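Beneath this line is the structure, given in C-alpha cells, with notes to follow.
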Amino acid sequence: MNKHNSQKQGVYIVLEGIDGTGKSTQIELLKKHFQRLKKKVVVTREPNNLKLRKMIMAADCPVETLFLFLADRSAQYQRVMQWMSEGKIVLSDRSYPSSWAYQYEAGNLKKYLPKKVMERIDLMSRYGTNPDAMIVIDIPVKEAMRRLGNRTKEQERFEKEVFLKKVHKAYTDMAKSKKWDVVSGMGTSEQVHERIIIALQKRTLAVL
Ligand code: TYD
C-alpha cells in the first residue's frame, strides 16, 4: 500500500471484476499459495460490514448507496493499514474500483457527480492510499450471465446484462488508463490462478 508517513511492510492485493468472474475462488487459491510460502495472509472483502451491507441493499438513491460503500471502505482501510503494519499479505475481494464501475459508471452517478468530486471522496474514503496490486479478472458478459444461472425472469436478465456490460466497460477502461493487470477468467481455476501469479510476479512485489 502506498502510504505516506509509514514504512511499507505488508502487501495489499485487490481482485476485481464483474459478478461471476470467480474472484473468491481465486482469493482462496492465492491464500494457499502465500501460506505455502509461509507468509501471513489475511483474506477480506468489500462490502465488509454486515450492517452496512443490509443498509446498502435497502438504500433508495444512488448517492446514498455510494456513501454507504464509502463508509464501509473507510473502516476497511483502517483495518488494512493495521494488517499492513503487521507485515501481512492482504487479499481483498473488491475495493474502490467497484464503486467507480458499479455506482459511478454503470449506476449513472456520473450524471450528478463531477468526476473531480468523485475522485476526492473516493481518495478520502481510503485515506489517499492505493493497493500494491490491482488485478481485474475478465470474462465476457455473456459468460458471466451464463455463470450467474437462469433463475431470474427474462426482463431481469436483460436488465442485468445491460448493467453488466456497463460495469465491464468501466473495468476495461480503468484498467487501461491506470495500467492495472487484466487476466482472463476463462479456463480452469488453476489456469486463472497461474495467470494471476504471473501478473503479480511481473509487478515484482518484493514479498513474492
Ligand atoms: P457480493 O455478494 O459480495 O458479490 P460478489 O461475490 O460478486 O462480489 O456483492 C457485492 C456486490 O456489491 C457486487 O455486485 C458489487 C457491488 N459493489 C458495488 O456496487 N460497489 C462497491 O463499491 C462494492 C465494493 C461492491
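Within each chain, counting starts at residue 1; across the C-alpha cells, chains are named A, B, ... in the order shown, with ligands numbered 1 upward in that order.
If you count only C-alpha atoms and ignore residues fewer than 5 places along the chain from range 79-93 of chain A, what sits within 7 Å of it is A:Gln9, A:Gly10, A:Val11, A:Tyr12, A:Ile13, A:Val14, A:Leu15, A:Glu16, A:Lys23, A:Ser24, A:Ile27, A:Lys40, A:Val41, A:Val42, A:Val43, A:Thr44, A:Arg45, A:Glu46.
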- Counting only C-alpha atoms and all ligand atoms, name the residues that have an atom within 8 Å of an atom of ligand 1; the answer should be given as an MDAnalysis selection string. chainID A and resid 18:24 45:47 66 69:70 73 93:103
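The strand (DSSP E) portion of range 17-105 of chain A consists of Val41, Val42, Val43, Thr44, Arg45, Ile89, Val90, Leu91, Ser92 and Asp93 of chain A, with states taken from DSSP on the backbone.
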Dump as a PDB file, in the first residue's frame, selection limited to N, CA and C atoms:
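Generated file (result.pdb):
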ATOM      1  N   VAL A  41      -1.188 -14.280   5.876  1.00  0.00           N
ATOM      2  CA  VAL A  41      -2.174 -13.801   4.898  1.00  0.00           C
ATOM      3  C   VAL A  41      -3.494 -13.455   5.585  1.00  0.00           C
ATOM      4  N   VAL A  42      -4.101 -12.364   5.144  1.00  0.00           N
ATOM      5  CA  VAL A  42      -5.455 -12.027   5.591  1.00  0.00           C
ATOM      6  C   VAL A  42      -6.338 -11.952   4.355  1.00  0.00           C
ATOM      7  N   VAL A  43      -7.485 -12.627   4.411  1.00  0.00           N
ATOM      8  CA  VAL A  43      -8.436 -12.545   3.309  1.00  0.00           C
ATOM      9  C   VAL A  43      -9.604 -11.671   3.755  1.00  0.00           C
ATOM     10  N   THR A  44      -9.961 -10.733   2.908  1.00  0.00           N
ATOM     11  CA  THR A  44     -11.071  -9.866   3.271  1.00  0.00           C
ATOM     12  C   THR A  44     -11.886  -9.505   2.035  1.00  0.00           C
ATOM     13  N   ARG A  45     -12.904  -8.703   2.235  1.00  0.00           N
ATOM     14  CA  ARG A  45     -13.778  -8.351   1.114  1.00  0.00           C
ATOM     15  C   ARG A  45     -14.464  -7.015   1.369  1.00  0.00           C
ATOM     16  N   ILE A  89       0.116 -10.126   4.199  1.00  0.00           N
ATOM     17  CA  ILE A  89      -0.364 -10.003   2.820  1.00  0.00           C
ATOM     18  C   ILE A  89      -1.887  -9.954   2.904  1.00  0.00           C
ATOM     19  N   VAL A  90      -2.451  -8.865   2.421  1.00  0.00           N
ATOM     20  CA  VAL A  90      -3.897  -8.687   2.500  1.00  0.00           C
ATOM     21  C   VAL A  90      -4.487  -8.920   1.112  1.00  0.00           C
ATOM     22  N   LEU A  91      -5.425  -9.858   1.049  1.00  0.00           N
ATOM     23  CA  LEU A  91      -6.080 -10.166  -0.225  1.00  0.00           C
ATOM     24  C   LEU A  91      -7.528  -9.728  -0.119  1.00  0.00           C
ATOM     25  N   SER A  92      -7.934  -8.805  -0.968  1.00  0.00           N
ATOM     26  CA  SER A  92      -9.307  -8.307  -0.858  1.00  0.00           C
ATOM     27  C   SER A  92     -10.127  -8.591  -2.106  1.00  0.00           C
ATOM     28  N   ASP A  93     -11.315  -9.131  -1.852  1.00  0.00           N
ATOM     29  CA  ASP A  93     -12.306  -9.324  -2.903  1.00  0.00           C
ATOM     30  C   ASP A  93     -13.013  -7.980  -3.056  1.00  0.00           C
TER      31      ASP A  93
END
- Take CA of Val162 in chain A and CA of Lys110 in chain A and report the distance between them in Å, one decimal.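 So the answer is 17.0 Å.
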- Message: If I take CA of Glu119 in chain A and CA of Ser177 in chain A, how far is one from the other in Å, to one decimal?
- Response: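 Atom-to-atom, CA of Glu119 in chain A and CA of Ser177 in chain A are spaced 14.6 Å apart.
For the choices A:Gln26, A:Asn49, A:Thr152, A:Thr204, the atom-to-atom distance to Gln191 in chain A is smallest for A:Gln26 when using only C-alpha atoms.
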- Which value, in Å to one decimal, gives the distance between CA of His193 in chain A and CA of Asn48 in chain A?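 Interatomic distance here is 23.9 Å.
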- Message: Ranking A:Met174, A:Val167, A:Val183, A:Glu64 by minimum distance to Val141 in chain A and counting only C-alpha atoms, which one comes first?
- Response: A:Val167
- Task: Determine the nearest neighbour of Tyr171 in chain A from the options A:Ile135, A:Ala71, A:Ile56, A:Leu30, counting only C-alpha atoms.
- Result: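 Closest candidate: A:Ile135.
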